[in-house]
Every structure is written in C-alpha cells, then in structure tokens.
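Read the structure below first, then the notes.
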Amino acid sequence: MSEFKGILNSRYGNCFTNNFTNLVTTTGSEYYKGLEMILNVEPDDYVPISHTVGARIVIHSPSDNPNPEENGINIIPGYETVIYLSQTVMRRLSAPYKDGCVSYQDNKDILMKSQILCTQTCIQRYNYKECGCVEPSLPAMLDMKRCNTTNTSEICCLDDVMNQLAIHGTDCECPLPCNSTYYNERRMIAIWPSNVSFFNRKSSQKTTSLKVYRASHAKVKIFFSDLESLIYEQHPVFIESEMFSYLGGEFGLWLGLSLIALFEITEVFLFIFSKLLC
C-alpha cells in the first residue's frame, strides 16, 4: 500500500488514491497487463450502520478531486470486475465566450481547486449562515463548526437549507472547468475465483473455505481499451483580428453609401435653390 495515499471520506470512510501510469493499452488475452488488484473488504469489521458490503472505485483525472458520492463503480465480493477505459477530453473557452470556463488548477484557494469543491464550499456557506454550522458529510469548510447529526434542530435546519436551495437556486459562481477529462468506463463482471483456481492456489493461502473467501474478496482489472483520445475543443467563430476586419469592411461600406447619399441630397438642394433664384 506504499503506492497509495490515504484520504478520509465522511461517507465511505478510509479511501486510497494513486496516479497510476501503467494502464497500458492491452488486447485479447493480455488485458491483465493493466492494473490488477485483489481487494479484501473485511466484512466482519463493518459497523452496524453499513447496509452493503464491497468497495467503490472512482476513476478520475489527476487534476480532479475524487467524488465517490456522485461518481464511481461498486465492486462486489466474489466477482472479478473488468473495467475498460476510453479517454475523452473537453476543452472549453473562458469568458467572454458562452461557457465562461475557469482554470481551477491555477486557483490559489484550496477550496476552489475544482468545480465540485467550489459548489460544496458555496453550499456550506449557506449552511453556516442559516444554521451556524456546516454539513459534516461535505469535505469543504470542515474547519468550521460541524452540525451535530444527533441534534434534531440542526439536522432539520440543514434539510430546510437544501430544500430552499433546490427550489430557489443559489448564487454560486462555479463555472465549468476549461479542461475536463472523462474515462467512459465500461464494466464486465464474472464469478471469481473459480473452484479450480481456488483449490490450485498456494498452500499458504488454504486457510479459508471457498465460500468464505468469495464473501470477503474481490478482483479488479482496469486498463485502457485503446490509446485513442476523443477530443472536443471549442474554437471562436471569429478571432479578434477577423472581427475588426469585418467591422472595418462594414463601416467602410455603409460610410461610403452615406457619403454618396449626402452628395445627392446636397445636389438636389442646390438645384432647387438655383431654380428659386431664377
């Protein structure tokens, strides 16, 4: 586990993250060259409030913070889960263009390092303003007083805040990031391990029955299905130089027409004036 960095999640407990670089493209029978893990979920150590057994994997860009509450794949004990990845990159334009994206990675404020953290920070400010405490399940602004989950009035206050935000919206300014990377996960599962492979394993591992082993272990394989990346990149219809060029042409055209009309009107007045003098 020395390659993993531990982080704490209020909902899922201990989480571990790493920036793997060995997820090479593999085909056919060589897909095992990707990332391969055997997870021991240790179901006997679960607390009474846990309703499910297993693990959750979130695959995200290294520049983004993991968000297991909204994203992720559930890993089931007793199964081998194979995850195929294909990369999609989205590059947006910043203001004054429509998306008005923001480069969160360049923000010095640690609470604004991603759109998710920005949104959570904004919600926590509403919570603190109305309730005097913040939602303990959100990772943002936890240095402030956390609401007591056993206190009915504080929990009801948090619920009221979320209902008000859902109905009336917020004034949170958390635009889309200028660069987003998605991995378009596809998943396949199969029962694991098989009877033959289990009973052929090393003798030092023959300490539990197949039923017990399946109930507590899961196998995960992750790899890129190909090295191609699908890139969506926004480009302005008119760049600055082209815009001034077109405006100059339009002004020149209409100004030229206006001068011609002015000369014609002047000629008419002179003609009428000469006739009146006669």
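Chain lettering (A, B, ...) mirrors the order of the structure tokens, residue numbering begins at 1 for each chain separately, and ligand numbering begins at 1 in order of display.
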Find the spatial neighbours of A:Gly54, counting only C-alpha atoms, within a cut-off of 10 Å - ignore same-chain residues fewer than 3 positions away - and output them as a list in words. Leu39, Asn40, Val41, Glu42, Pro43, Asn74, Ile75, Ile76, Pro77, Gly78, Ala215, Ser216, His217 and Ala218 of chain A
Would you save the residues from that selection as a PDB file, in the first residue's frame, using C-alpha atoms?
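Contents of selection.pdb, as written:
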ATOM      1  CA  LEU A  39      -9.382  -6.440  -2.519  1.00  0.00           C
ATOM      2  CA  ASN A  40     -10.162  -7.812   0.918  1.00  0.00           C
ATOM      3  CA  VAL A  41     -13.316  -5.978   2.017  1.00  0.00           C
ATOM      4  CA  GLU A  42     -13.167  -7.468   5.541  1.00  0.00           C
ATOM      5  CA  PRO A  43     -16.956  -7.695   6.062  1.00  0.00           C
ATOM      6  CA  ASN A  74     -19.288  -0.577  -6.935  1.00  0.00           C
ATOM      7  CA  ILE A  75     -17.081  -3.644  -6.578  1.00  0.00           C
ATOM      8  CA  ILE A  76     -18.844  -6.814  -5.406  1.00  0.00           C
ATOM      9  CA  PRO A  77     -17.085  -9.539  -3.361  1.00  0.00           C
ATOM     10  CA  GLY A  78     -16.964 -12.911  -5.058  1.00  0.00           C
ATOM     11  CA  ALA A 215     -17.662 -13.378   0.651  1.00  0.00           C
ATOM     12  CA  SER A 216     -14.648 -11.223   1.554  1.00  0.00           C
ATOM     13  CA  HIS A 217     -12.520 -10.843  -1.605  1.00  0.00           C
ATOM     14  CA  ALA A 218     -12.970  -9.220  -4.988  1.00  0.00           C
TER      15      ALA A 218
END
Excluding same-chain residues fewer than 6 positions from A:Ser180, what lies within 10 Å of it counting only C-alpha atoms, as a CSV table (one decimal) with all heavy atoms, in the first residue's frame?
chain,number,residue,atom,x,y,z
A,60,HIS,N,-10.7,9.0,-12.1
A,60,HIS,CA,-10.8,10.5,-12.4
A,60,HIS,C,-9.5,11.0,-12.9
A,60,HIS,O,-8.4,10.4,-12.7
A,60,HIS,CB,-11.3,11.2,-11.2
A,60,HIS,CG,-10.3,11.1,-10.0
A,60,HIS,ND1,-9.3,12.0,-9.7
A,60,HIS,CD2,-10.2,10.1,-9.0
A,60,HIS,CE1,-8.7,11.6,-8.7
A,60,HIS,NE2,-9.2,10.5,-8.2
A,61,SER,N,-9.5,12.2,-13.4
A,61,SER,CA,-8.3,12.9,-13.9
A,61,SER,C,-7.5,13.2,-12.6
A,61,SER,O,-8.0,13.6,-11.6
A,61,SER,CB,-8.7,14.1,-14.6
A,61,SER,OG,-7.5,14.9,-14.9
A,63,SER,N,-6.0,15.8,-12.0
A,63,SER,CA,-6.2,17.2,-11.6
A,63,SER,C,-7.5,17.4,-10.9
A,63,SER,O,-7.8,18.5,-10.4
A,63,SER,CB,-6.2,18.1,-12.9
A,63,SER,OG,-7.2,17.8,-13.8
A,64,ASP,N,-8.4,16.4,-10.9
A,64,ASP,CA,-9.7,16.5,-10.2
A,64,ASP,C,-9.6,15.8,-8.8
A,64,ASP,O,-8.9,14.8,-8.6
A,64,ASP,CB,-10.8,15.9,-11.0
A,64,ASP,CG,-11.0,16.6,-12.3
A,64,ASP,OD1,-10.7,17.8,-12.4
A,64,ASP,OD2,-11.4,16.0,-13.3
A,88,THR,N,-11.9,10.7,-23.0
A,88,THR,CA,-12.5,11.8,-23.7
A,88,THR,C,-12.1,13.1,-23.1
A,88,THR,O,-12.1,13.2,-21.8
A,88,THR,CB,-14.0,11.7,-23.7
A,88,THR,OG1,-14.4,10.5,-24.4
A,88,THR,CG2,-14.7,12.9,-24.4
A,89,VAL,N,-11.6,14.1,-23.8
A,89,VAL,CA,-11.1,15.4,-23.3
A,89,VAL,C,-12.0,16.5,-23.8
A,89,VAL,O,-12.3,16.5,-25.0
A,89,VAL,CB,-9.6,15.6,-23.7
A,89,VAL,CG1,-9.2,17.0,-23.2
A,89,VAL,CG2,-8.7,14.5,-23.2
A,90,MET,N,-12.4,17.4,-23.0
A,90,MET,CA,-13.2,18.5,-23.3
A,90,MET,C,-12.4,19.8,-23.0
A,90,MET,O,-12.0,20.0,-21.9
A,90,MET,CB,-14.5,18.5,-22.5
A,90,MET,CG,-15.5,19.6,-22.9
A,90,MET,SD,-16.1,19.4,-24.6
A,90,MET,CE,-17.1,20.9,-24.8
A,91,ARG,N,-12.2,20.7,-24.0
A,91,ARG,CA,-11.5,21.9,-23.8
A,91,ARG,C,-12.5,23.1,-24.2
A,91,ARG,O,-12.9,23.2,-25.3
A,91,ARG,CB,-10.3,22.0,-24.7
A,91,ARG,CG,-9.2,20.9,-24.4
A,91,ARG,CD,-8.1,20.8,-25.4
A,91,ARG,NE,-7.2,19.7,-25.1
A,91,ARG,CZ,-6.2,19.3,-25.9
A,91,ARG,NH1,-6.1,19.9,-27.1
A,91,ARG,NH2,-5.4,18.3,-25.6
A,92,ARG,N,-12.7,23.9,-23.2
A,92,ARG,CA,-13.7,25.0,-23.3
A,92,ARG,C,-13.0,26.3,-23.4
A,92,ARG,O,-11.8,26.4,-23.1
A,92,ARG,CB,-14.7,24.9,-22.2
A,92,ARG,CG,-15.4,23.6,-22.0
A,92,ARG,CD,-16.4,23.6,-20.8
A,92,ARG,NE,-17.0,22.3,-20.6
A,92,ARG,CZ,-16.6,21.3,-20.0
A,92,ARG,NH1,-15.4,21.4,-19.3
A,92,ARG,NH2,-17.3,20.2,-19.9
A,232,TYR,N,-12.9,17.1,-27.7
A,232,TYR,CA,-13.8,18.1,-28.1
A,232,TYR,C,-13.2,19.5,-27.7
A,232,TYR,O,-12.9,19.7,-26.5
A,232,TYR,CB,-15.1,17.9,-27.5
A,232,TYR,CG,-15.9,16.7,-27.9
A,232,TYR,CD1,-15.8,15.5,-27.1
A,232,TYR,CD2,-16.7,16.6,-29.0
A,232,TYR,CE1,-16.4,14.4,-27.5
A,232,TYR,CE2,-17.3,15.5,-29.4
A,232,TYR,CZ,-17.2,14.4,-28.6
A,232,TYR,OH,-17.9,13.2,-29.0
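If you measure from each of A:Phe271, A:Ala55, A:Glu228, A:Asp171 to A:Tyr183 using only C-alpha atoms, the closest one turns out to be A:Glu228.
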With DSSP run on the backbone, what are the strand (DSSP E) residues within stretch 27-182 of chain A? I'd like them as a list in words. Leu35, Glu36, Met37, Ile38, Leu39, Asn40, Ala55, Arg56, Ile57, Ile73, Asn74, Ile75, Tyr79, Glu80, Thr81, Val82, Ile83, Tyr84, Leu85, Ser86, Gln87, Thr88, Val89, Met90, Arg91, Asn179, Ser180, Thr181 and Tyr182 of chain A
Which residues are near A:Gly13? Cut-off 12 Å, only C-alpha atoms, ignore same chain within fewer than 5 positions. Put them as a list in words. Gly6, Ile7, Leu8, Tyr46, Val47, Ser50, Ala55, Arg56, Pro68, Glu69 and Ser137 of chain A
For atom CA of A:Met37 and atom CA of A:Asn184, determine how far apart the two atoms are, in Å to one decimal place.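 We find that atom CA of A:Met37 and atom CA of A:Asn184 lie 20.2 Å from each other.
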Looking at only C-alpha atoms, which of A:Leu35, A:Val268, A:Met188, A:Ile116 is the one that sits closest to A:Pro66?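 When distances to A:Pro66 are compared using only C-alpha atoms, the smallest one comes from A:Ile116.
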Which of A:Asn67, A:Asn19, A:Asn151, A:Asn200 sits closest to A:Leu117 [using only C-alpha atoms]: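 The answer is A:Asn67, which sits nearest to A:Leu117.
A straight line drawn from atom CA of A:Leu247 to atom CA of A:Ala261 is 21.0 Å long.
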Using DSSP on the backbone, list every residue of stretch 142-262 of chain A that comes out as alpha helix (DSSP H), and give them as number ranges by chain. A: 152-168, 195-199, 210-216, 240-262
I'd like the contact shell of A:Asp160 - 10 Å cut-off, only C-alpha atoms, skipping same-chain residues fewer than 6 positions apart - returned as a compact mmCIF listing (two decimals) with all heavy atoms, in the first residue's frame.
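Ended up saving to result-v5.txt:
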# COMPACT_ATOMS: atom_id res chain seq x y z
N ASN A 127 -25.17 26.92 4.61
CA ASN A 127 -25.45 26.17 5.83
C ASN A 127 -24.99 26.94 7.08
O ASN A 127 -25.72 27.03 8.07
CB ASN A 127 -24.75 24.81 5.79
CG ASN A 127 -25.37 23.86 4.78
OD1 ASN A 127 -26.56 23.96 4.48
ND2 ASN A 127 -24.57 22.96 4.26
N GLU A 130 -27.24 30.05 7.85
CA GLU A 130 -28.58 29.79 8.35
C GLU A 130 -28.59 28.96 9.63
O GLU A 130 -29.46 29.15 10.48
CB GLU A 130 -29.40 29.06 7.27
CG GLU A 130 -29.60 29.85 5.99
CD GLU A 130 -30.41 31.12 6.21
OE1 GLU A 130 -31.27 31.12 7.11
OE2 GLU A 130 -30.18 32.11 5.48
N CYS A 131 -27.62 28.04 9.76
CA CYS A 131 -27.67 27.08 10.87
C CYS A 131 -26.55 27.29 11.89
O CYS A 131 -26.59 26.68 12.97
CB CYS A 131 -27.61 25.65 10.34
SG CYS A 131 -28.87 25.28 9.09
N GLU A 154 -30.56 20.99 14.38
CA GLU A 154 -29.50 21.30 13.41
C GLU A 154 -29.71 20.51 12.12
O GLU A 154 -29.53 21.06 11.02
CB GLU A 154 -28.13 21.00 14.02
CG GLU A 154 -27.74 21.96 15.13
CD GLU A 154 -26.35 21.70 15.67
OE1 GLU A 154 -25.71 20.71 15.25
OE2 GLU A 154 -25.90 22.49 16.52
N ALA A 166 -32.84 24.01 -3.45
CA ALA A 166 -33.41 23.24 -4.55
C ALA A 166 -34.54 23.99 -5.23
O ALA A 166 -34.73 23.88 -6.45
CB ALA A 166 -33.90 21.88 -4.04
When you count only C-alpha atoms, which of these residues is closest to A:Val237: A:Ser194, A:Tyr182, A:Leu93, A:Cys174?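 Among A:Ser194, A:Tyr182, A:Leu93, A:Cys174, it is A:Leu93 that comes nearest to A:Val237.
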Could you list, as a ChimeraX atom specification, every residue within 6 Å of A:Val82, counting only C-alpha atoms and ignoring same-chain residues fewer than 5 positions away? /A:187-188,220-221
Pick from A:Leu210, A:Ile38, A:Cys101, A:Leu142 nearest to A:Asn9, counting only C-alpha atoms: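 Smallest distance to A:Asn9 is found for A:Leu142.
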Any idea what the distance is between atom CA of A:Gly34 and atom CA of A:Gly72? 18.7 Å
A:Asp159 environment, 12 Å, only C-alpha atoms, sequence neighbours closer than 3 positions dropped, as JSON, numbers by chain: {"A": [123, 126, 127, 130, 131, 134, 135, 147, 149, 152, 153, 154, 155, 156, 162, 163, 164, 165, 166]}
Go ahead and save the residues from that selection, with C-alpha atoms, as a short mmCIF file (atom, residue, chain, number, x, y, z; two decimals), in the first residue's frame.
data_model
loop_
_atom_site.label_atom_id
_atom_site.label_comp_id
_atom_site.auth_asym_id
_atom_site.auth_seq_id
_atom_site.Cartn_x
_atom_site.Cartn_y
_atom_site.Cartn_z
CA ILE A 123 -23.44 25.27 -0.07
CA TYR A 126 -25.36 28.84 3.11
CA ASN A 127 -25.45 26.17 5.83
CA GLU A 130 -28.58 29.79 8.35
CA CYS A 131 -27.67 27.08 10.87
CA VAL A 134 -21.70 23.12 8.33
CA GLU A 135 -22.76 19.79 6.86
CA CYS A 147 -23.51 20.22 12.73
CA THR A 149 -26.03 14.67 13.39
CA THR A 152 -32.68 17.27 15.56
CA SER A 153 -32.85 21.05 15.22
CA GLU A 154 -29.50 21.30 13.41
CA ILE A 155 -30.31 18.44 11.03
CA CYS A 156 -33.75 19.92 10.27
CA MET A 162 -31.15 22.22 0.97
CA ASN A 163 -34.88 22.44 0.21
CA GLN A 164 -34.65 26.21 -0.20
CA LEU A 165 -31.62 25.89 -2.48
CA ALA A 166 -33.41 23.24 -4.55
#
What's around A:Lys113 at 12 Å? Count only C-alpha atoms, leave out sequence neighbours fewer than 5 positions away in its own chain, and write the answer as a PDB file with all heavy atoms, in the first residue's frame.
ATOM      1  N   PRO A  62      -6.130  13.167 -12.767  1.00  0.00           N
ATOM      2  CA  PRO A  62      -5.275  13.535 -11.628  1.00  0.00           C
ATOM      3  C   PRO A  62      -5.494  14.962 -11.144  1.00  0.00           C
ATOM      4  O   PRO A  62      -5.230  15.269  -9.987  1.00  0.00           O
ATOM      5  CB  PRO A  62      -3.853  13.351 -12.181  1.00  0.00           C
ATOM      6  CG  PRO A  62      -4.003  12.373 -13.293  1.00  0.00           C
ATOM      7  CD  PRO A  62      -5.343  12.647 -13.899  1.00  0.00           C
ATOM      8  N   SER A  63      -5.995  15.832 -12.017  1.00  0.00           N
ATOM      9  CA  SER A  63      -6.223  17.225 -11.630  1.00  0.00           C
ATOM     10  C   SER A  63      -7.542  17.422 -10.893  1.00  0.00           C
ATOM     11  O   SER A  63      -7.800  18.505 -10.364  1.00  0.00           O
ATOM     12  CB  SER A  63      -6.195  18.126 -12.873  1.00  0.00           C
ATOM     13  OG  SER A  63      -7.208  17.758 -13.785  1.00  0.00           O
ATOM     14  N   ASP A  64      -8.393  16.392 -10.850  1.00  0.00           N
ATOM     15  CA  ASP A  64      -9.687  16.486 -10.179  1.00  0.00           C
ATOM     16  C   ASP A  64      -9.648  15.762  -8.839  1.00  0.00           C
ATOM     17  O   ASP A  64      -8.883  14.818  -8.646  1.00  0.00           O
ATOM     18  CB  ASP A  64     -10.795  15.884 -11.048  1.00  0.00           C
ATOM     19  CG  ASP A  64     -10.980  16.636 -12.349  1.00  0.00           C
ATOM     20  OD1 ASP A  64     -10.661  17.836 -12.380  1.00  0.00           O
ATOM     21  OD2 ASP A  64     -11.436  16.014 -13.332  1.00  0.00           O
ATOM     22  N   ASN A  65     -10.513  16.203  -7.946  1.00  0.00           N
ATOM     23  CA  ASN A  65     -10.659  15.520  -6.665  1.00  0.00           C
ATOM     24  C   ASN A  65     -11.659  14.382  -6.808  1.00  0.00           C
ATOM     25  O   ASN A  65     -12.685  14.539  -7.486  1.00  0.00           O
ATOM     26  CB  ASN A  65     -11.148  16.499  -5.590  1.00  0.00           C
ATOM     27  CG  ASN A  65     -10.097  17.532  -5.239  1.00  0.00           C
ATOM     28  OD1 ASN A  65      -8.952  17.199  -4.981  1.00  0.00           O
ATOM     29  ND2 ASN A  65     -10.478  18.790  -5.247  1.00  0.00           N
ATOM     30  N   PRO A  66     -11.400  13.236  -6.193  1.00  0.00           N
ATOM     31  CA  PRO A  66     -12.362  12.126  -6.287  1.00  0.00           C
ATOM     32  C   PRO A  66     -13.679  12.486  -5.615  1.00  0.00           C
ATOM     33  O   PRO A  66     -13.701  13.161  -4.586  1.00  0.00           O
ATOM     34  CB  PRO A  66     -11.654  10.979  -5.546  1.00  0.00           C
ATOM     35  CG  PRO A  66     -10.656  11.662  -4.661  1.00  0.00           C
ATOM     36  CD  PRO A  66     -10.227  12.901  -5.369  1.00  0.00           C
ATOM     37  N   VAL A 102     -13.352  28.196 -16.182  1.00  0.00           N
ATOM     38  CA  VAL A 102     -12.336  28.631 -15.228  1.00  0.00           C
ATOM     39  C   VAL A 102     -11.277  27.546 -15.104  1.00  0.00           C
ATOM     40  O   VAL A 102     -11.593  26.357 -15.096  1.00  0.00           O
ATOM     41  CB  VAL A 102     -12.960  28.903 -13.837  1.00  0.00           C
ATOM     42  CG1 VAL A 102     -11.885  29.197 -12.804  1.00  0.00           C
ATOM     43  CG2 VAL A 102     -13.937  30.069 -13.909  1.00  0.00           C
ATOM     44  N   SER A 103     -10.028  27.945 -15.007  1.00  0.00           N
ATOM     45  CA  SER A 103      -8.929  27.002 -14.756  1.00  0.00           C
ATOM     46  C   SER A 103      -8.771  26.855 -13.247  1.00  0.00           C
ATOM     47  O   SER A 103      -8.042  27.610 -12.598  1.00  0.00           O
ATOM     48  CB  SER A 103      -7.629  27.491 -15.405  1.00  0.00           C
ATOM     49  OG  SER A 103      -7.743  27.525 -16.806  1.00  0.00           O
ATOM     50  N   TYR A 104      -9.470  25.891 -12.679  1.00  0.00           N
ATOM     51  CA  TYR A 104      -9.456  25.723 -11.230  1.00  0.00           C
ATOM     52  C   TYR A 104      -8.080  25.338 -10.717  1.00  0.00           C
ATOM     53  O   TYR A 104      -7.734  25.649  -9.569  1.00  0.00           O
ATOM     54  CB  TYR A 104     -10.477  24.648 -10.830  1.00  0.00           C
ATOM     55  CG  TYR A 104     -11.916  25.103 -10.950  1.00  0.00           C
ATOM     56  CD1 TYR A 104     -12.679  24.758 -12.061  1.00  0.00           C
ATOM     57  CD2 TYR A 104     -12.506  25.873  -9.960  1.00  0.00           C
ATOM     58  CE1 TYR A 104     -13.999  25.179 -12.179  1.00  0.00           C
ATOM     59  CE2 TYR A 104     -13.817  26.293 -10.066  1.00  0.00           C
ATOM     60  CZ  TYR A 104     -14.562  25.940 -11.181  1.00  0.00           C
ATOM     61  OH  TYR A 104     -15.858  26.362 -11.298  1.00  0.00           O
ATOM     62  N   GLN A 105      -7.278  24.667 -11.527  1.00  0.00           N
ATOM     63  CA  GLN A 105      -5.955  24.243 -11.072  1.00  0.00           C
ATOM     64  C   GLN A 105      -5.057  25.434 -10.769  1.00  0.00           C
ATOM     65  O   GLN A 105      -4.133  25.331  -9.966  1.00  0.00           O
ATOM     66  CB  GLN A 105      -5.283  23.350 -12.118  1.00  0.00           C
ATOM     67  CG  GLN A 105      -5.962  22.023 -12.350  1.00  0.00           C
ATOM     68  CD  GLN A 105      -7.163  22.141 -13.275  1.00  0.00           C
ATOM     69  OE1 GLN A 105      -7.411  23.203 -13.848  1.00  0.00           O
ATOM     70  NE2 GLN A 105      -7.915  21.065 -13.423  1.00  0.00           N
ATOM     71  N   ASP A 106      -5.318  26.573 -11.416  1.00  0.00           N
ATOM     72  CA  ASP A 106      -4.488  27.764 -11.207  1.00  0.00           C
ATOM     73  C   ASP A 106      -4.959  28.603 -10.028  1.00  0.00           C
ATOM     74  O   ASP A 106      -4.340  29.617  -9.702  1.00  0.00           O
ATOM     75  CB  ASP A 106      -4.494  28.627 -12.481  1.00  0.00           C
ATOM     76  CG  ASP A 106      -3.932  27.883 -13.679  1.00  0.00           C
ATOM     77  OD1 ASP A 106      -3.097  26.987 -13.460  1.00  0.00           O
ATOM     78  OD2 ASP A 106      -4.326  28.199 -14.815  1.00  0.00           O
ATOM     79  N   ASN A 107      -6.071  28.202  -9.399  1.00  0.00           N
ATOM     80  CA  ASN A 107      -6.618  28.963  -8.280  1.00  0.00           C
ATOM     81  C   ASN A 107      -5.800  28.687  -7.020  1.00  0.00           C
ATOM     82  O   ASN A 107      -5.562  27.538  -6.664  1.00  0.00           O
ATOM     83  CB  ASN A 107      -8.090  28.589  -8.058  1.00  0.00           C
ATOM     84  CG  ASN A 107      -8.840  29.642  -7.269  1.00  0.00           C
ATOM     85  OD1 ASN A 107      -8.329  30.185  -6.297  1.00  0.00           O
ATOM     86  ND2 ASN A 107     -10.061  29.924  -7.694  1.00  0.00           N
ATOM     87  N   LYS A 108      -5.376  29.742  -6.346  1.00  0.00           N
ATOM     88  CA  LYS A 108      -4.564  29.581  -5.136  1.00  0.00           C
ATOM     89  C   LYS A 108      -5.397  29.133  -3.942  1.00  0.00           C
ATOM     90  O   LYS A 108      -4.858  28.581  -2.982  1.00  0.00           O
ATOM     91  CB  LYS A 108      -3.854  30.907  -4.818  1.00  0.00           C
ATOM     92  CG  LYS A 108      -2.844  31.324  -5.881  1.00  0.00           C
ATOM     93  CD  LYS A 108      -2.161  32.622  -5.488  1.00  0.00           C
ATOM     94  CE  LYS A 108      -1.139  33.029  -6.556  1.00  0.00           C
ATOM     95  NZ  LYS A 108      -0.451  34.301  -6.209  1.00  0.00           N
ATOM     96  N   CYS A 118     -15.844  23.911  -5.289  1.00  0.00           N
ATOM     97  CA  CYS A 118     -16.429  25.248  -5.347  1.00  0.00           C
ATOM     98  C   CYS A 118     -17.907  25.205  -4.972  1.00  0.00           C
ATOM     99  O   CYS A 118     -18.392  26.010  -4.171  1.00  0.00           O
ATOM    100  CB  CYS A 118     -16.234  25.835  -6.741  1.00  0.00           C
ATOM    101  SG  CYS A 118     -17.010  27.461  -6.990  1.00  0.00           S
ATOM    102  N   THR A 119     -18.646  24.248  -5.548  1.00  0.00           N
ATOM    103  CA  THR A 119     -20.071  24.117  -5.259  1.00  0.00           C
ATOM    104  C   THR A 119     -20.307  23.733  -3.804  1.00  0.00           C
ATOM    105  O   THR A 119     -21.183  24.283  -3.128  1.00  0.00           O
ATOM    106  CB  THR A 119     -20.698  23.064  -6.182  1.00  0.00           C
ATOM    107  OG1 THR A 119     -20.460  23.416  -7.551  1.00  0.00           O
ATOM    108  CG2 THR A 119     -22.200  22.972  -5.955  1.00  0.00           C
ATOM    109  N   GLN A 120     -19.507  22.790  -3.291  1.00  0.00           N
ATOM    110  CA  GLN A 120     -19.659  22.369  -1.903  1.00  0.00           C
ATOM    111  C   GLN A 120     -19.348  23.501  -0.934  1.00  0.00           C
ATOM    112  O   GLN A 120     -20.032  23.670   0.085  1.00  0.00           O
ATOM    113  CB  GLN A 120     -18.751  21.167  -1.626  1.00  0.00           C
ATOM    114  CG  GLN A 120     -19.177  19.897  -2.342  1.00  0.00           C
ATOM    115  CD  GLN A 120     -18.215  18.747  -2.107  1.00  0.00           C
ATOM    116  OE1 GLN A 120     -17.106  18.933  -1.601  1.00  0.00           O
ATOM    117  NE2 GLN A 120     -18.635  17.545  -2.463  1.00  0.00           N
ATOM    118  N   THR A 121     -18.331  24.306  -1.255  1.00  0.00           N
ATOM    119  CA  THR A 121     -17.992  25.447  -0.407  1.00  0.00           C
ATOM    120  C   THR A 121     -19.129  26.453  -0.372  1.00  0.00           C
ATOM    121  O   THR A 121     -19.476  26.993   0.686  1.00  0.00           O
ATOM    122  CB  THR A 121     -16.709  26.116  -0.920  1.00  0.00           C
ATOM    123  OG1 THR A 121     -15.637  25.172  -0.900  1.00  0.00           O
ATOM    124  CG2 THR A 121     -16.332  27.309  -0.056  1.00  0.00           C
ATOM    125  N   ALA A 140     -15.830  20.189   2.252  1.00  0.00           N
ATOM    126  CA  ALA A 140     -15.428  21.586   2.228  1.00  0.00           C
ATOM    127  C   ALA A 140     -15.736  22.277   3.559  1.00  0.00           C
ATOM    128  O   ALA A 140     -16.752  21.999   4.198  1.00  0.00           O
ATOM    129  CB  ALA A 140     -16.133  22.317   1.089  1.00  0.00           C
ATOM    130  N   CYS A 174     -19.742  28.908  -9.945  1.00  0.00           N
ATOM    131  CA  CYS A 174     -18.825  27.784 -10.139  1.00  0.00           C
ATOM    132  C   CYS A 174     -18.957  27.298 -11.578  1.00  0.00           C
ATOM    133  O   CYS A 174     -19.624  26.284 -11.845  1.00  0.00           O
ATOM    134  CB  CYS A 174     -19.138  26.653  -9.163  1.00  0.00           C
ATOM    135  SG  CYS A 174     -18.954  27.117  -7.417  1.00  0.00           S
ATOM    136  N   PRO A 177     -15.053  23.743 -15.730  1.00  0.00           N
ATOM    137  CA  PRO A 177     -13.590  23.843 -15.881  1.00  0.00           C
ATOM    138  C   PRO A 177     -13.202  23.939 -17.348  1.00  0.00           C
ATOM    139  O   PRO A 177     -13.892  23.410 -18.227  1.00  0.00           O
ATOM    140  CB  PRO A 177     -13.092  22.537 -15.261  1.00  0.00           C
ATOM    141  CG  PRO A 177     -14.240  21.593 -15.386  1.00  0.00           C
ATOM    142  CD  PRO A 177     -15.485  22.418 -15.263  1.00  0.00           C
TER     143      PRO A 177
END
With only C-alpha atoms as the atoms that count, which of A:Met112, A:Arg214, A:His235, A:Tyr84 lies nearest to A:Val53?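 Among the listed residues, A:Arg214 lies closest to A:Val53.
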